[in-house]
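Undergrad: Here it is: the structure, laid out below.
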Amino acid sequence: MFDEKVLQNIKAGKEKWDQGPVAKTLAKNPEAKPNFTTISGAPVERLYTPLDVKGLDYDRDLSYPGQFPFTRGVQPTMYRGRYWTMRQYAGFGDAKGTNERYHYLLNQGQTGLSVAFQLPTQAGYDSDHPLSMGEVGKVGVAIDHIDDMRILFNRIPVDKVTTSMTINAAATVLLGMYLAIADEQGVTWDKVGGTVQNDVLKEIICRGQYIYPPKPTMRLTVDLIEFCQKHVPRWNTISISGYHIRESGSTAAQEMAFTIADGIAYTQACIERGMDVDSFAPRLSFFFNAFTNVLEEVAKFRAGRRYWAKVMRDRFKAKDPRSMMLRYHVQTGGVTLTAQQPLNNIVRVALQTYATALGGGQSLHTNSYDEALCLPTQQAVTVALRTQQIVAEESGATDTIDPLAGCYYVEDMTNKIEAEIDDYIKKIDAIGGGLNAIDQGYIQKEIQNSSYRFQKEIEGNERVYVGINKYTMEEPPPTGLLKVDMSVGEQKTLELKKFRAERDNAKWKAALDKLRQVSQTSENVMPSVIEAVKAKATVGEICDVWRAIYGEYRPKEFV
Amino acid sequence: MAKKIKMIMAKPGLDGHDRGAKLLARIFAEAGMEVVYTGLRQTPEMIVAAAEQEDADVVGLSSLSGVHNYFFPRVADLLKQKGLKDVLLVGGGIIPTEDYDGLKKAGMSAIFGPGTPTTDIVSFIENNVRKR
């Protein structure tokens, strides 16, 4: 981007500055620390100049928003057309209470729904299963069957609101219920929009809500993708997630690299199924974290967009530009929140929101300031949503596209993160792909090493964490925390008993038999799943059918 | 030379957040303890069976999904029932401070919240573990 003469002048000027003013200042006042690094541990120089980005080719490396390689964004007008979708992840207790929270959030200007399911639902157990004890309604809403789902979406038209569902190993079941609700509301499936997470690989890497071994669980993932490609064209069939990889301790570059490795594994699996890459890739979506180091996050998002576009074009020979777009949801970093001086978290979340806006995300969940203490209270959720609205509508970050492009530091970091992603992808390819790298614990160990390094930096006071290792203070214990009523579990147990007693037994049994039969063939399971949920089969019963056929995943621990 | 402290790190229930448990397992091992990490989805029975089988001196429970009041007292009771009264039982995770007293009454020796320096946890264990 700069001609040789200009660069030579800058080089000479920089040397003069280094040897003159800088050396003189350092002799008098040394810098605060010997090395400056990002929160991911990447080195940061004193000053960036055109010399650091001299190889940058505008058309090749940056181009224009909505055009390959999408470094500057996936849409031509970005937030000038429409802000990102403000989508707060919410769910606790029973379906009725959660439905009320959804109506509250929609009334406050939220623009999409995001369902948090309780852990038993995510792990494929009914609320009355022995392993569900103590967990019912705790970190998400208790959904066991179609009647719960109907209450959850009461007075919510599924053709007007898009819904994201954090459900993975049991994604087919919950999508089945959602489509059944669409049928009840008289909404045709081509008008239904939303996302299921459906990313089982990262459950095995770091999130822990797996059910089946990698191969059969991938089969269900691909069944869902294939089914939606044919019948639910507006549905994002997967949300390939780096969020939890980052939460479990990775660096920014590792988050992007391992997510892309998973994305490659899913794309490969769909192609092996016989699908044309451009038939499903436009509906692959992603999910990332945003930490407090704004500039590093922006570089991560830009690098990820550019790298994914090349993967899709060069490795998978995609032709449709939409197949090459890294479209993603963001959640602010849960692990960055402190239980100490919790109001400080509002500032962290604001910076993370700013990073998301400058980085070009498509939707965002902002965490609430009290989440290191408990599930968020309504007041904290409102502040979190307002934070998005302030960044979108007051900060100016949304007025122009990719405003940090051309910033020497951000462009250099974008290049470096992209190079690190490429390095990891090559290593993972050499191991035999994402599934093998996970099976051998390579990805898990890399994450754990970063998590360990970070903890040592905090405890060695090499890195400041306000309220943890600096500016600490005595505080009274927090009050007014949200408590989930323990009686939800008992109510659900009673309710399930009644539900099972009252359903049409013959119809229920026939539907499960059909599902069992189909699951043993290579036929797509989705139609039989939808029939089963309509015949009042529960989440646990459907997942048990597959447990009997596919077995259960038992992780190896790599500590 | 003193015998190594033997520790079971466990994740009760369906909670998948094990960054803290894995990190601590590594830090305890570096501090000279012998650590067995159970992995996820442990029932109280599984945890206590592991403690019995390994002749553990310490059991550490980690919970970030709000199930501590359900699981921690059950592990404490089962340890007592099995006659493992001198096993040091500690816990940590996202646990409101207002729950600490109840958990201690139920048999937990200490609860460590978010942001606790790992060195504090190591020294608590070293100072309170049974001597043998």
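In the structure tokens, each chain is lettered A, B, ... as it comes, each chain's residues begin at 1, and ligands are numbered from 1 in order of appearance.
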Which residues of chain B come within 7 Å of chain A, and for each one, what is the closest pair of atoms and their distance in Å to one decimal, counting only C-alpha atoms, sorted by chain and residue number, as JSON lines?
TA:
{"residue": "B:Gly13", "atom": "CA", "partner": "A:Leu131", "partner_atom": "CA", "distance": 6.9}
{"residue": "B:Leu14", "atom": "CA", "partner": "A:Leu119", "partner_atom": "CA", "distance": 6.2}
{"residue": "B:Gly16", "atom": "CA", "partner": "A:Gly208", "partner_atom": "CA", "distance": 4.3}
{"residue": "B:His17", "atom": "CA", "partner": "A:Arg207", "partner_atom": "CA", "distance": 6.5}
{"residue": "B:Arg19", "atom": "CA", "partner": "A:Ser248", "partner_atom": "CA", "distance": 5.2}
{"residue": "B:Lys22", "atom": "CA", "partner": "A:Val559", "partner_atom": "CA", "distance": 6.1}
{"residue": "B:Leu23", "atom": "CA", "partner": "A:Tyr452", "partner_atom": "CA", "distance": 6.3}
{"residue": "B:Arg26", "atom": "CA", "partner": "A:Val559", "partner_atom": "CA", "distance": 6.9}
{"residue": "B:Gly39", "atom": "CA", "partner": "A:Glu557", "partner_atom": "CA", "distance": 6.5}
{"residue": "B:Ser65", "atom": "CA", "partner": "A:Val139", "partner_atom": "CA", "distance": 6.1}
{"residue": "B:Gly66", "atom": "CA", "partner": "A:Lys138", "partner_atom": "CA", "distance": 6.4}
{"residue": "B:Val67", "atom": "CA", "partner": "A:Gly134", "partner_atom": "CA", "distance": 5.7}
{"residue": "B:Tyr70", "atom": "CA", "partner": "A:Gly134", "partner_atom": "CA", "distance": 5.5}
{"residue": "B:Ile94", "atom": "CA", "partner": "A:Leu373", "partner_atom": "CA", "distance": 5.9}
{"residue": "B:Ile95", "atom": "CA", "partner": "A:Leu373", "partner_atom": "CA", "distance": 6.7}
{"residue": "B:Pro96", "atom": "CA", "partner": "A:Leu373", "partner_atom": "CA", "distance": 5.8}
{"residue": "B:Thr97", "atom": "CA", "partner": "A:Pro477", "partner_atom": "CA", "distance": 6.6}
{"residue": "B:Pro114", "atom": "CA", "partner": "A:Ala339", "partner_atom": "CA", "distance": 6.2}
{"residue": "B:Gly115", "atom": "CA", "partner": "A:Ile468", "partner_atom": "CA", "distance": 6.0}
{"residue": "B:Pro117", "atom": "CA", "partner": "A:Glu459", "partner_atom": "CA", "distance": 6.6}
Undergrad: Write out as a list in words each polymer residue whose atoms come within 7 Å of Leu326 of chain A, counting only C-alpha atoms; drop sequence neighbours fewer than 6 positions from it.
TA: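 My reading of the contact set: Ser285, Phe286, Arg305 and Trp308 of chain A.
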Undergrad: Using N, CA and C atoms, can you export the residues from the last selection as an mmCIF file, in the first residue's frame?
TA:
data_model
loop_
_atom_site.group_PDB
_atom_site.id
_atom_site.type_symbol
_atom_site.label_atom_id
_atom_site.label_comp_id
_atom_site.auth_asym_id
_atom_site.auth_seq_id
_atom_site.Cartn_x
_atom_site.Cartn_y
_atom_site.Cartn_z
ATOM 1 N N SER A 285 -23.149 -21.099 10.569
ATOM 2 C CA SER A 285 -22.872 -19.858 11.279
ATOM 3 C C SER A 285 -21.897 -20.140 12.412
ATOM 4 N N PHE A 286 -21.388 -19.081 13.014
ATOM 5 C CA PHE A 286 -20.342 -19.206 14.020
ATOM 6 C C PHE A 286 -20.695 -18.430 15.283
ATOM 7 N N ARG A 305 -12.540 -13.938 9.495
ATOM 8 C CA ARG A 305 -13.336 -13.779 8.268
ATOM 9 C C ARG A 305 -12.488 -14.059 7.021
ATOM 10 N N TRP A 308 -11.454 -17.964 6.862
ATOM 11 C CA TRP A 308 -12.579 -18.856 6.523
ATOM 12 C C TRP A 308 -12.940 -18.721 5.037
#
Undergrad: Please list as a list in words every residue within 9 Å of Thr38 of chain B, counting only C-alpha atoms and excluding residues in the same chain fewer than 2 positions away.
TA: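 With the cut-off at 9 Å, the set is Glu557 of chain A; Ile8, Met9, Ala10, Lys11, Val36, Leu40, Arg41, Gln42, Met46, Ile47 and Ala50 of chain B.
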Undergrad: Using only C-alpha atoms, can you tell me which of A:Thr251, A:Ala169, A:Pro213, A:Met1 comes closest to Asp57 of chain A?
TA: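 Of all the options, A:Met1 lies closest to Asp57 of chain A.
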Undergrad: List the neighbours of Glu30 of chain B out to 12 Å using only C-alpha atoms; skip same-chain residues closer than 5 positions along the sequence, and give me the result as a short mmCIF file (atom, residue, chain, number, x, y, z; two decimals) with C-alpha atoms, in the first residue's frame.
TA:
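Now in result27.cif:
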data_model
loop_
_atom_site.label_atom_id
_atom_site.label_comp_id
_atom_site.auth_asym_id
_atom_site.auth_seq_id
_atom_site.Cartn_x
_atom_site.Cartn_y
_atom_site.Cartn_z
CA TYR A 452 -2.49 -22.27 33.04
CA LYS B 4 2.11 -37.24 49.39
CA ILE B 5 -1.33 -35.73 49.92
CA LEU B 23 -6.34 -25.96 36.34
CA LEU B 24 -6.40 -26.78 40.05
CA ALA B 25 -5.59 -30.43 39.37
CA VAL B 35 -4.34 -35.79 42.09
CA THR B 118 -4.66 -20.93 44.00
CA THR B 119 -1.86 -20.56 46.55
CA VAL B 122 -3.03 -25.13 48.37
#
Undergrad: Would you give me, as a list of chain:residue names, the residues in segment 7-64 of chain A that DSSP reads as alpha helix (DSSP H)?
TA: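 The alpha helix (DSSP H) subset of segment 7-64 of chain A is A:Leu7, A:Gln8, A:Asn9, A:Ile10, A:Lys11, A:Ala12, A:Gly13, A:Lys14, A:Glu15, A:Lys16, A:Trp17, A:Ala23, A:Lys24, A:Thr25, A:Leu26, A:Ala27, A:Lys28.
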Undergrad: Could you write those residues out with all heavy atoms, as a CSV table (one decimal), in the first residue's frame?
TA:
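And here is the file that came out, result-v9.csv:
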chain,number,residue,atom,x,y,z
A,7,LEU,N,8.4,4.1,2.2
A,7,LEU,CA,8.8,3.2,3.3
A,7,LEU,C,10.2,3.5,3.8
A,7,LEU,O,10.5,3.4,4.9
A,7,LEU,CB,8.6,1.8,2.8
A,7,LEU,CG,7.2,1.2,2.6
A,7,LEU,CD1,7.2,-0.1,1.9
A,7,LEU,CD2,6.5,1.1,4.0
A,8,GLN,N,11.1,3.8,2.8
A,8,GLN,CA,12.5,4.0,3.2
A,8,GLN,C,12.6,5.3,4.1
A,8,GLN,O,13.3,5.3,5.1
A,8,GLN,CB,13.3,4.2,2.0
A,8,GLN,CG,13.9,2.8,1.5
A,8,GLN,CD,14.6,2.9,0.2
A,8,GLN,OE1,15.0,4.0,-0.2
A,8,GLN,NE2,14.9,1.8,-0.4
A,9,ASN,N,11.8,6.3,3.7
A,9,ASN,CA,11.8,7.5,4.6
A,9,ASN,C,11.3,7.2,6.0
A,9,ASN,O,11.8,7.6,7.0
A,9,ASN,CB,10.8,8.5,4.0
A,9,ASN,CG,11.5,9.4,3.0
A,9,ASN,OD1,12.8,9.5,3.0
A,9,ASN,ND2,10.8,10.0,2.1
A,10,ILE,N,10.2,6.3,6.0
A,10,ILE,CA,9.6,6.0,7.3
A,10,ILE,C,10.7,5.2,8.2
A,10,ILE,O,10.8,5.4,9.4
A,10,ILE,CB,8.3,5.2,7.2
A,10,ILE,CG1,7.2,6.2,6.6
A,10,ILE,CG2,7.8,4.7,8.5
A,10,ILE,CD1,6.0,5.5,6.1
A,11,LYS,N,11.3,4.3,7.5
A,11,LYS,CA,12.3,3.4,8.2
A,11,LYS,C,13.4,4.3,8.8
A,11,LYS,O,13.8,4.2,9.9
A,11,LYS,CB,12.9,2.4,7.2
A,11,LYS,CG,13.8,1.4,7.8
A,11,LYS,CD,13.9,0.2,6.9
A,11,LYS,CE,14.7,-0.9,7.6
A,11,LYS,NZ,16.1,-1.1,7.0
A,12,ALA,N,13.9,5.3,8.0
A,12,ALA,CA,14.9,6.2,8.5
A,12,ALA,C,14.4,7.0,9.6
A,12,ALA,O,15.1,7.1,10.7
A,12,ALA,CB,15.4,7.1,7.3
A,13,GLY,N,13.2,7.5,9.5
A,13,GLY,CA,12.6,8.3,10.5
A,13,GLY,C,12.4,7.5,11.8
A,13,GLY,O,12.6,8.0,12.9
A,14,LYS,N,12.0,6.3,11.7
A,14,LYS,CA,11.7,5.4,12.8
A,14,LYS,C,13.0,5.1,13.6
A,14,LYS,O,13.1,5.2,14.8
A,14,LYS,CB,11.0,4.1,12.4
A,14,LYS,CG,10.9,3.0,13.4
A,14,LYS,CD,9.5,3.0,14.0
A,14,LYS,CE,9.3,2.1,15.2
A,14,LYS,NZ,9.8,0.7,15.0
A,15,GLU,N,14.1,4.9,12.8
A,15,GLU,CA,15.4,4.6,13.4
A,15,GLU,C,15.9,5.8,14.2
A,15,GLU,O,16.4,5.7,15.3
A,15,GLU,CB,16.4,4.2,12.4
A,15,GLU,CG,16.4,2.7,12.1
A,15,GLU,CD,17.2,2.3,10.9
A,15,GLU,OE1,18.0,3.1,10.4
A,15,GLU,OE2,16.9,1.2,10.4
A,16,LYS,N,15.6,7.0,13.6
A,16,LYS,CA,16.1,8.2,14.3
A,16,LYS,C,15.3,8.4,15.6
A,16,LYS,O,15.8,8.8,16.6
A,16,LYS,CB,15.8,9.4,13.3
A,16,LYS,CG,16.8,10.5,13.3
A,16,LYS,CD,16.6,11.4,12.2
A,16,LYS,CE,16.6,12.8,12.7
A,16,LYS,NZ,16.2,13.8,11.7
A,17,TRP,N,14.0,8.1,15.5
A,17,TRP,CA,13.1,8.3,16.7
A,17,TRP,C,13.5,7.3,17.7
A,17,TRP,O,13.6,7.6,18.9
A,17,TRP,CB,11.7,8.1,16.2
A,17,TRP,CG,10.6,8.1,17.3
A,17,TRP,CD1,10.2,9.2,18.0
A,17,TRP,CD2,10.0,6.9,17.8
A,17,TRP,NE1,9.2,8.8,18.9
A,17,TRP,CE2,9.1,7.4,18.8
A,17,TRP,CE3,10.0,5.6,17.6
A,17,TRP,CZ2,8.2,6.6,19.6
A,17,TRP,CZ3,9.1,4.7,18.3
A,17,TRP,CH2,8.3,5.2,19.3
A,23,ALA,N,15.3,6.5,23.1
A,23,ALA,CA,16.4,6.1,23.9
A,23,ALA,C,16.6,7.1,25.1
A,23,ALA,O,16.9,6.7,26.2
A,23,ALA,CB,17.7,6.1,23.0
A,24,LYS,N,16.5,8.4,24.8
A,24,LYS,CA,16.7,9.4,25.8
A,24,LYS,C,15.6,9.3,26.9
A,24,LYS,O,15.9,9.3,28.1
A,24,LYS,CB,16.5,10.8,25.1
A,24,LYS,CG,17.3,11.9,25.7
A,24,LYS,CD,17.4,13.1,24.8
A,24,LYS,CE,17.1,14.4,25.6
A,24,LYS,NZ,16.8,15.5,24.8
A,25,THR,N,14.4,9.1,26.5
A,25,THR,CA,13.3,8.9,27.5
A,25,THR,C,13.5,7.7,28.3
A,25,THR,O,13.4,7.7,29.6
A,25,THR,CB,11.9,8.9,26.8
A,25,THR,OG1,11.8,10.0,26.0
A,25,THR,CG2,10.8,8.8,27.8
A,26,LEU,N,13.9,6.6,27.7
A,26,LEU,CA,14.1,5.3,28.4
A,26,LEU,C,15.3,5.4,29.4
A,26,LEU,O,15.2,4.8,30.5
A,26,LEU,CB,14.4,4.2,27.4
A,26,LEU,CG,13.2,3.7,26.6
A,26,LEU,CD1,13.7,2.6,25.6
A,26,LEU,CD2,12.1,3.1,27.5
A,27,ALA,N,16.3,6.2,29.0
A,27,ALA,CA,17.4,6.3,29.9
A,27,ALA,C,16.9,7.0,31.2
A,27,ALA,O,17.4,6.7,32.3
A,27,ALA,CB,18.5,7.1,29.2
A,28,LYS,N,16.0,7.9,31.1
A,28,LYS,CA,15.5,8.6,32.3
A,28,LYS,C,14.4,7.8,33.0
A,28,LYS,O,14.4,7.7,34.2
A,28,LYS,CB,15.0,10.0,31.8
A,28,LYS,CG,16.0,11.1,32.0
A,28,LYS,CD,15.3,12.5,31.9
A,28,LYS,CE,14.9,12.8,30.5
A,28,LYS,NZ,14.3,14.0,30.2
Undergrad: Contacts of Tyr550 of chain A at 12 Å or less, counting only C-alpha atoms, minus same-chain residues fewer than 5 places along, as a ChimeraX atom specification?
TA: /A:211-220,516,519-520,543-545
Undergrad: Please extract the residues of segment 168-345 of chain A with a backbone DSSP assignment of strand (DSSP E or B) and present them as a count of residues only.
TA: 21
Undergrad: Find the spatial neighbours of Leu79 of chain B, counting only C-alpha atoms, within a cut-off of 10 Å - ignore same-chain residues fewer than 2 positions away - and output them as a list in words.
TA: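 Near Leu79 of chain B, the qualifying residues are Pro44, Glu45, Ile47, Val48, Ala49, Ala51, Glu52, Val59, Pro73, Arg74, Val75, Ala76, Asp77, Gln81, Lys82, Gly83, Leu84, Lys85, Asp86, Val87, Leu88, Leu89 and Gly107 of chain B.
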Undergrad: Env of segment 420-434 of chain A: 9 Å cut, atoms = only C-alpha atoms, seq-sep filter 6 positions within chain, self excluded. Answer as a ChimeraX atom specification.
TA: /A:201,253-254,256-258,260-265,303-304,307,440,442-443
Undergrad: Enter the distance from atom CA of Arg80 of chain A to atom CA of Gln388 of chain A, in Å, rounded to one decimal.
TA: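 These atoms are spaced 15.5 Å apart.
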Undergrad: Kindly provide the residues of segment 95-137 of chain A that approach segment 182-196 of chain A to within 9 Å, each paired with its closest atom pair and their distance in Å to one decimal, based on only C-alpha atoms, listed by chain and increasing number, as a tab-separated table.
TA:
residue	atom	partner	partner_atom	distance
A:Gly112	CA	A:Gly194	CA	8.8
A:Leu113	CA	A:Gly194	CA	8.7
A:Ser114	CA	A:Thr195	CA	8.9
Undergrad: Go ahead and write the residues just picked, N, CA, C and O atoms, as a JSON list (two decimals), in the first residue's frame.
TA:
[["chain", "number", "residue", "atom", "x", "y", "z"],
["A", 112, "GLY", "N", -34.12, -10.50, 19.00],
["A", 112, "GLY", "CA", -34.17, -11.94, 18.71],
["A", 112, "GLY", "C", -34.14, -12.70, 20.02],
["A", 112, "GLY", "O", -33.75, -12.15, 21.05],
["A", 113, "LEU", "N", -34.57, -13.96, 19.97],
["A", 113, "LEU", "CA", -34.59, -14.76, 21.20],
["A", 113, "LEU", "C", -33.42, -15.72, 21.21],
["A", 113, "LEU", "O", -32.93, -16.14, 20.16],
["A", 114, "SER", "N", -32.99, -16.08, 22.41],
["A", 114, "SER", "CA", -31.93, -17.06, 22.56],
["A", 114, "SER", "C", -32.25, -17.93, 23.76],
["A", 114, "SER", "O", -32.30, -17.45, 24.89]]
Undergrad: Looking at only C-alpha atoms, which of A:Thr387, A:Asn107, A:Gln378, A:Ser127 is the one that sits closest to Ser487 of chain A?
TA: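 Looking only at the distances to Ser487 of chain A, the closest residue turns out to be A:Ser127.
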